[in-house]
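Colleague: Structure incoming, see below.
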Amino acid sequence: MHLDILHDSAGVLAVAKPAGLATQAARGVPSVESLMRERLFGEAATGAIALGRRRHPGGFLGVPHRLDRAVSGVLLLATTPRAARQLSRQFERRHVGKTYLAVVAAGPTAPAVGETLTWHDLIRKLRDQPRAEIVQPDTEPTTGDREAITTGRVRATAQDTVLLELHPRTGRMHQLRVQAAARGMPVLGDVIYGGRGLAPASEPSDERTSPIALHAWRIEFTNPETSLPIAVTCPPPAYQPWTTYTGHI
């Protein structure tokens, strides 16, 4: 699988992650990390892995940023320890600007084009399940409850779907997916949270890995060497439902 490089400077590598490919995975399972390691270090990486060298085999490649396997878009990697530390610090301090695009079901009370959104919830991960939920007001609080804040706007509508531009201000598990679903607008393809599937019903799919219509479109961060702002964008996939909104992105 080929990965397009969108930016390469000052130890920061931005790549276009396709939906369905993990950011990181166990040895032998394709991932963005394994594919980029093979591309950057070639035989050196293969030889180091064969010898059991698990820490940065073949050369340094840090993964300070992650996207869900089902999500596509721009993903940041680091090719130097300094860049990895700097990026990790920026993510921790919420100094990284993230803009996602999502195609969601319109629902009975869909917002109008141009309308702004502010979603403020408490989210918790479900025990022993790869999913999260909104904490309801009458629910007993737990230590796992986390504040989730997202802002955004409606870019366009088409038939029974809506194109949203979303800016997560916090970074919780499945934050955008669960917040959209809780408002009657599940992301298309996200069957975990009630969205309708993108693949034909006759095709088998894994609900954890099948592509969903959520795309990391733009990311803004600070250059680790110059401290200047950098913005990287990644075009959405060239298939439905994204192609319906080509003129609005």
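Here's how to read the names in the structure tokens: chain A, B, ... by the order shown, residue numbers from 1 in each chain, ligand numbers from 1 in the order shown.
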Would you list, as a list in words, the residues of segment 79-237 of chain A that end up in helix (DSSP H, G or I) under DSSP run on this structure's backbone?
Modeller: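 Here is the list: Pro81, Arg82, Ala83, Ala84, Arg85, Gln86, Leu87, Ser88, Arg89, Gln90, Phe91, Glu92, Gln175, Leu176, Arg177, Val178, Gln179, Ala180, Ala181, Ala182, Val191, Ile192 and Tyr193 of chain A.
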Colleague: Nearest residue to Gly114 of chain A out of A:Arg131, A:Arg93, A:Arg153, A:His65, using only C-alpha atoms?
Modeller: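 With only C-alpha atoms as the atom set, the closest residue is A:Arg153.
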Colleague: Would you list the contacts of Gly59 of chain A as a list in words, taking every protein, DNA or RNA residue within 12 Å and counting only C-alpha atoms, but skipping same-chain residues closer than 6 positions in sequence?
Modeller: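 Within the cut-off, the hits are Met36, Arg37, Glu38, Arg39, Leu40, Phe41, Gly42, Glu43, Ala44, Ala45, Thr46, Gly47, Ala48, Ile49, Arg53, Ala78, Thr79, Thr80 and Pro81 of chain A.
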Colleague: List the spatial neighbours of Ala158 of chain A as JSON, numbers by chain - criterion: any atom at most 9 Å away, only C-alpha atoms, same-chain residues fewer than 6 positions off excluded.
Modeller: {"A": [106, 244, 245]}
Colleague: Expressed in Å to a single decimal, how great is the separation between atom CA of Ile149 of chain A and atom CA of Ser31 of chain A?
Modeller: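 Between these atoms lies a distance of 29.0 Å.
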Colleague: Could you give me, as a list in words, the residues within 8 Å of His174 of chain A, counting only C-alpha atoms and dropping anything in the same chain fewer than 2 positions from it?
Modeller: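 Within the cut-off, the hits are Asp68, Arg131, Ala132, Arg172, Leu176, Arg177 and Val178 of chain A.
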Colleague: Output N, CA and C atoms of each residue in that selection to a file, as a PDB file, in the first residue's frame.
Modeller:
```pdb
ATOM      1  N   ASP A  68      -7.920   6.758  14.393  1.00  0.00           N
ATOM      2  CA  ASP A  68      -8.619   5.474  14.408  1.00  0.00           C
ATOM      3  C   ASP A  68      -8.409   4.758  13.078  1.00  0.00           C
ATOM      4  N   ARG A 131     -15.323   0.938  22.483  1.00  0.00           N
ATOM      5  CA  ARG A 131     -16.234   2.016  22.159  1.00  0.00           C
ATOM      6  C   ARG A 131     -16.445   2.891  23.386  1.00  0.00           C
ATOM      7  N   ALA A 132     -17.039   4.064  23.150  1.00  0.00           N
ATOM      8  CA  ALA A 132     -17.295   5.001  24.234  1.00  0.00           C
ATOM      9  C   ALA A 132     -18.765   5.373  24.241  1.00  0.00           C
ATOM     10  N   ARG A 172     -10.692  12.818  23.134  1.00  0.00           N
ATOM     11  CA  ARG A 172     -11.224  11.621  23.794  1.00  0.00           C
ATOM     12  C   ARG A 172     -11.432  10.490  22.788  1.00  0.00           C
ATOM     13  N   LEU A 176     -15.522  12.512  18.178  1.00  0.00           N
ATOM     14  CA  LEU A 176     -16.406  13.057  17.149  1.00  0.00           C
ATOM     15  C   LEU A 176     -17.498  12.067  16.775  1.00  0.00           C
ATOM     16  N   ARG A 177     -17.151  10.809  16.732  1.00  0.00           N
ATOM     17  CA  ARG A 177     -18.096   9.775  16.331  1.00  0.00           C
ATOM     18  C   ARG A 177     -19.243   9.652  17.328  1.00  0.00           C
ATOM     19  N   VAL A 178     -18.914   9.598  18.611  1.00  0.00           N
ATOM     20  CA  VAL A 178     -19.955   9.402  19.613  1.00  0.00           C
ATOM     21  C   VAL A 178     -20.762  10.684  19.823  1.00  0.00           C
TER      22      VAL A 178
END
```
Colleague: Find the residue from A:Asp121, A:Glu140, A:Glu147, A:Glu115 that sits nearest to Ala180 of chain A; use only C-alpha atoms when measuring.
Modeller: A:Asp121
Colleague: Might you pull out every residue within 12 Å of Gly194 of chain A, with only C-alpha atoms counted and same-chain residues fewer than 2 positions away left off, and present them as a ChimeraX atom specification?
Modeller: /A:104-105,107,177-192,196-197,207,212
Colleague: Just the selected residues (N, CA and C atoms), exported as a short mmCIF file (atom, residue, chain, number, x, y, z; two decimals), in the first residue's frame, please.
Modeller:
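Final output, saved to selection19.cif:
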```
data_model
loop_
_atom_site.label_atom_id
_atom_site.label_comp_id
_atom_site.auth_asym_id
_atom_site.auth_seq_id
_atom_site.Cartn_x
_atom_site.Cartn_y
_atom_site.Cartn_z
N VAL A 104 -22.43 12.89 7.65
CA VAL A 104 -23.30 12.27 8.64
C VAL A 104 -24.72 12.16 8.11
N ALA A 105 -25.50 11.32 8.76
CA ALA A 105 -26.93 11.21 8.42
C ALA A 105 -27.62 12.50 8.82
N GLY A 107 -30.79 13.14 9.74
CA GLY A 107 -31.62 13.07 10.93
C GLY A 107 -32.80 14.02 10.85
N ARG A 177 -17.15 10.81 16.73
CA ARG A 177 -18.10 9.77 16.33
C ARG A 177 -19.24 9.65 17.33
N VAL A 178 -18.91 9.60 18.61
CA VAL A 178 -19.95 9.40 19.61
C VAL A 178 -20.76 10.68 19.82
N GLN A 179 -20.12 11.86 19.71
CA GLN A 179 -20.87 13.10 19.88
C GLN A 179 -21.86 13.32 18.73
N ALA A 180 -21.43 13.03 17.51
CA ALA A 180 -22.34 13.18 16.36
C ALA A 180 -23.52 12.20 16.48
N ALA A 181 -23.22 10.97 16.83
CA ALA A 181 -24.29 9.96 16.96
C ALA A 181 -25.28 10.33 18.05
N ALA A 182 -24.79 10.90 19.15
CA ALA A 182 -25.67 11.27 20.24
C ALA A 182 -26.65 12.36 19.85
N ARG A 183 -26.37 13.07 18.77
CA ARG A 183 -27.24 14.15 18.30
C ARG A 183 -28.04 13.73 17.07
N GLY A 184 -28.15 12.42 16.88
CA GLY A 184 -28.96 11.90 15.79
C GLY A 184 -28.32 12.02 14.43
N MET A 185 -26.98 12.20 14.39
CA MET A 185 -26.27 12.36 13.12
C MET A 185 -25.06 11.43 13.06
N PRO A 186 -25.25 10.11 13.10
CA PRO A 186 -24.10 9.21 13.06
C PRO A 186 -23.31 9.36 11.77
N VAL A 187 -22.00 9.19 11.87
CA VAL A 187 -21.13 9.25 10.71
C VAL A 187 -21.45 8.08 9.78
N LEU A 188 -21.54 8.34 8.49
CA LEU A 188 -21.83 7.27 7.54
C LEU A 188 -20.74 6.21 7.61
N GLY A 189 -21.16 4.96 7.62
CA GLY A 189 -20.23 3.85 7.72
C GLY A 189 -19.90 3.43 9.13
N ASP A 190 -20.21 4.27 10.11
CA ASP A 190 -19.84 3.99 11.51
C ASP A 190 -20.94 3.18 12.19
N VAL A 191 -21.00 1.90 11.84
CA VAL A 191 -22.06 1.05 12.36
C VAL A 191 -21.95 0.84 13.87
N ILE A 192 -20.77 1.05 14.44
CA ILE A 192 -20.61 0.92 15.89
C ILE A 192 -21.52 1.90 16.62
N ARG A 196 -25.19 3.98 8.99
CA ARG A 196 -25.42 2.95 7.98
C ARG A 196 -24.11 2.64 7.27
N GLY A 197 -23.97 1.39 6.85
CA GLY A 197 -22.73 0.94 6.23
C GLY A 197 -22.47 1.58 4.88
N GLU A 207 -16.73 -4.18 11.56
CA GLU A 207 -17.22 -2.88 12.01
C GLU A 207 -16.13 -2.04 12.67
N ILE A 212 -15.02 4.69 7.46
CA ILE A 212 -16.16 5.53 7.80
C ILE A 212 -15.91 6.91 7.19
#
```
Colleague: Please determine, counting only C-alpha atoms, which residue among A:Thr142, A:Ser88, A:Thr161, A:Ser210 has the shortest atom-to-atom distance to Gly20 of chain A.
Modeller: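 That would be A:Ser210, the residue with the smallest distance to Gly20 of chain A.
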Colleague: Which polymer residues have any atom within 6 Å of an atom of segment 229-237 of chain A, counting only C-alpha atoms, with same-chain residues fewer than 6 positions away left out, as a list in words?
Modeller: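 Result of the neighbour search: Gly73, Val74, Trp217, Arg218, Ile219, Glu220, Phe221 and Thr222 of chain A.
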Colleague: For a quick check of understanding, using only C-alpha atoms, which of A:Thr157, A:Gln175, A:Thr226, A:Ile134 has the smallest distance to Gly247 of chain A?
Modeller: A:Thr157
Colleague: From a backbone DSSP assignment, name each residue in segment 62-159 of chain A labelled strand (DSSP E or B), as a ChimeraX atom specification.
Modeller: /A:62,72-78,97-105,116-125,132-134,146-158
Colleague: Grab the residues selected above and save them as a short mmCIF file (atom, residue, chain, number, x, y, z; two decimals), in the first residue's frame with N, CA and C atoms.
Modeller:
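The resulting file, out07.cif, is shown below:
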```
data_model
loop_
_atom_site.label_atom_id
_atom_site.label_comp_id
_atom_site.auth_asym_id
_atom_site.auth_seq_id
_atom_site.Cartn_x
_atom_site.Cartn_y
_atom_site.Cartn_z
N GLY A 62 9.16 8.08 15.28
CA GLY A 62 8.24 8.26 16.39
C GLY A 62 6.81 8.40 15.91
N SER A 72 -9.65 8.27 7.81
CA SER A 72 -8.61 8.65 6.86
C SER A 72 -8.10 10.04 7.21
N GLY A 73 -6.98 10.44 6.55
CA GLY A 73 -6.53 11.82 6.69
C GLY A 73 -5.09 11.99 7.07
N VAL A 74 -4.73 13.24 7.38
CA VAL A 74 -3.35 13.60 7.65
C VAL A 74 -2.92 13.10 9.03
N LEU A 75 -1.75 12.46 9.04
CA LEU A 75 -1.19 11.87 10.26
C LEU A 75 0.25 12.31 10.40
N LEU A 76 0.64 12.73 11.61
CA LEU A 76 2.00 13.21 11.85
C LEU A 76 2.88 12.12 12.45
N LEU A 77 4.08 11.98 11.88
CA LEU A 77 5.11 11.11 12.41
C LEU A 77 6.35 11.96 12.67
N ALA A 78 7.32 11.41 13.40
CA ALA A 78 8.55 12.14 13.70
C ALA A 78 9.75 11.28 13.32
N GLY A 97 -3.86 22.32 16.17
CA GLY A 97 -5.19 22.56 15.62
C GLY A 97 -5.61 21.44 14.69
N LYS A 98 -6.79 20.88 14.91
CA LYS A 98 -7.26 19.76 14.10
C LYS A 98 -8.61 20.12 13.46
N THR A 99 -8.71 19.87 12.17
CA THR A 99 -9.98 20.08 11.46
C THR A 99 -10.36 18.79 10.76
N TYR A 100 -11.52 18.28 11.09
CA TYR A 100 -12.03 17.06 10.48
C TYR A 100 -13.22 17.40 9.59
N LEU A 101 -13.43 16.57 8.59
CA LEU A 101 -14.65 16.61 7.80
C LEU A 101 -15.40 15.31 8.06
N ALA A 102 -16.71 15.42 8.17
CA ALA A 102 -17.53 14.23 8.41
C ALA A 102 -18.80 14.31 7.57
N VAL A 103 -19.16 13.21 6.95
CA VAL A 103 -20.45 13.11 6.28
C VAL A 103 -21.34 12.29 7.20
N VAL A 104 -22.43 12.89 7.65
CA VAL A 104 -23.30 12.27 8.64
C VAL A 104 -24.72 12.16 8.11
N ALA A 105 -25.50 11.32 8.76
CA ALA A 105 -26.93 11.21 8.42
C ALA A 105 -27.62 12.50 8.82
N THR A 116 -23.44 27.09 13.07
CA THR A 116 -22.29 26.70 13.88
C THR A 116 -22.71 25.69 14.95
N LEU A 117 -21.75 24.90 15.40
CA LEU A 117 -22.01 23.84 16.36
C LEU A 117 -21.07 23.97 17.55
N THR A 118 -21.59 23.69 18.73
CA THR A 118 -20.76 23.56 19.92
C THR A 118 -21.28 22.36 20.70
N TRP A 119 -20.45 21.33 20.78
CA TRP A 119 -20.83 20.11 21.50
C TRP A 119 -19.99 20.02 22.77
N HIS A 120 -20.66 19.92 23.90
CA HIS A 120 -19.97 19.84 25.19
C HIS A 120 -20.58 18.68 25.97
N ASP A 121 -19.79 17.62 26.16
CA ASP A 121 -20.30 16.41 26.81
C ASP A 121 -19.28 15.84 27.77
N LEU A 122 -19.74 14.88 28.56
CA LEU A 122 -18.85 13.98 29.28
C LEU A 122 -18.88 12.64 28.55
N ILE A 123 -17.70 12.07 28.33
CA ILE A 123 -17.58 10.79 27.62
C ILE A 123 -16.83 9.80 28.49
N ARG A 124 -17.26 8.56 28.41
CA ARG A 124 -16.52 7.50 29.12
C ARG A 124 -16.36 6.29 28.20
N LYS A 125 -15.25 5.59 28.35
CA LYS A 125 -15.01 4.35 27.61
C LYS A 125 -15.79 3.23 28.28
N ALA A 132 -17.04 4.06 23.15
CA ALA A 132 -17.29 5.00 24.23
C ALA A 132 -18.76 5.37 24.24
N GLU A 133 -19.19 6.14 25.26
CA GLU A 133 -20.57 6.59 25.35
C GLU A 133 -20.63 7.96 26.00
N ILE A 134 -21.71 8.67 25.71
CA ILE A 134 -21.99 9.94 26.36
C ILE A 134 -22.52 9.65 27.76
N ARG A 146 -14.76 11.88 31.10
CA ARG A 146 -13.86 12.89 30.57
C ARG A 146 -14.64 13.95 29.79
N GLU A 147 -14.28 15.21 29.97
CA GLU A 147 -14.91 16.30 29.23
C GLU A 147 -14.53 16.23 27.76
N ALA A 148 -15.52 16.41 26.90
CA ALA A 148 -15.29 16.39 25.45
C ALA A 148 -15.94 17.63 24.85
N ILE A 149 -15.12 18.44 24.16
CA ILE A 149 -15.61 19.69 23.56
C ILE A 149 -15.26 19.69 22.08
N THR A 150 -16.25 19.96 21.26
CA THR A 150 -16.07 20.05 19.81
C THR A 150 -16.85 21.26 19.29
N THR A 151 -16.22 22.02 18.40
CA THR A 151 -16.92 23.10 17.71
C THR A 151 -16.91 22.80 16.22
N GLY A 152 -17.72 23.50 15.45
CA GLY A 152 -17.73 23.25 14.02
C GLY A 152 -18.82 24.02 13.32
N ARG A 153 -19.08 23.63 12.08
CA ARG A 153 -20.13 24.27 11.29
C ARG A 153 -20.61 23.30 10.21
N VAL A 154 -21.76 23.61 9.64
CA VAL A 154 -22.31 22.82 8.55
C VAL A 154 -21.82 23.42 7.24
N ARG A 155 -21.11 22.62 6.44
CA ARG A 155 -20.60 23.10 5.16
C ARG A 155 -21.62 22.96 4.04
N ALA A 156 -22.33 21.84 4.01
CA ALA A 156 -23.26 21.59 2.90
C ALA A 156 -24.20 20.44 3.27
N THR A 157 -25.27 20.31 2.50
CA THR A 157 -26.18 19.18 2.63
C THR A 157 -26.44 18.61 1.25
N ALA A 158 -26.78 17.33 1.20
CA ALA A 158 -27.11 16.66 -0.06
C ALA A 158 -27.98 15.46 0.24
#
```
